[in-house]
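Some notes on the structure that comes next.
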Amino acid sequence: MTASSSVIMLSAPEDRAGMAASIEKVSFELGGALGIAVLGSVMSALYSQTMIVPVGLSDTVADSLDEALLVGKTLGAAAAARLTVMARGAFDRAFFGVIALATALSLAVALGIWRKAAPSPAGAAPGRYDGPL
């Protein structure tokens with residue numbers, strides 16, 4: 001975040017530095033909160049979809065890893081071990097899915113920024129393309 005903060009602050013006029021800093025801070029906090037909410041919801045959905053509930057157990061074990069581990073404490077050693085392995089596997093698959101999604105989103109944003117920041121053809125005004133269609 002230091003690089004983006006530096007770019008924002010160095011691009012702002014001195015008399016607007018306070019405003020630029022507050023916009024940067026709000027954007028950082030809002031982005032973090034939305035990222036946690038969206039990616040957390042996706043991870044929860046992926047965990048629920050990939051968790052195979054063993055026969056005879058409540059569907060609550062598919063709600064969260066914590067719930068599965070708590071139910072596992074009420075089972076015998078062998079059943080608890082199987083449930084723990086299944087729940088941790090579902091969690092790992094969900095985590096991998098969220099990391100893949102976050103990576104894809106980051107690459108898409110980077111590509112968009114790269115394309116937007118690409119130099120315009122010679123002689124064209126910034127933000128305007130005068131070449132053939």
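Ordered as shown in the structure tokens, chains take letters A, B, and onward, while each chain numbers its residues from 1 and ligands are numbered from 1 in the order shown.
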Helix (DSSP H, G or I) residues, from DSSP on the backbone, in stretch 67-124 of chain A, as a PyMOL selection string: chain A and resi 67-72+77-117
Distance query A:Ala94 at most 6 Å, only C-alpha atoms, self and fewer than 3 positions along chain excluded, as a VMD selection string: chain A and resid 43 46 to 47 91 97
Selection near stretch 73-82 of chain A, 12 Å with only C-alpha atoms, sequence-local residues under 6 positions removed, as an MDAnalysis selection string: chainID A and resid 52:57 61 66:67 88:89
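Here atom CA of A:Leu107 stands at a distance of 17.5 Å from atom CA of A:Gly32.
Atom CA of A:Leu30 lies 24.8 Å from atom CA of A:Glu14.
Atom CA of A:Ile36 is positioned 24.2 Å from atom CA of A:Ser6.
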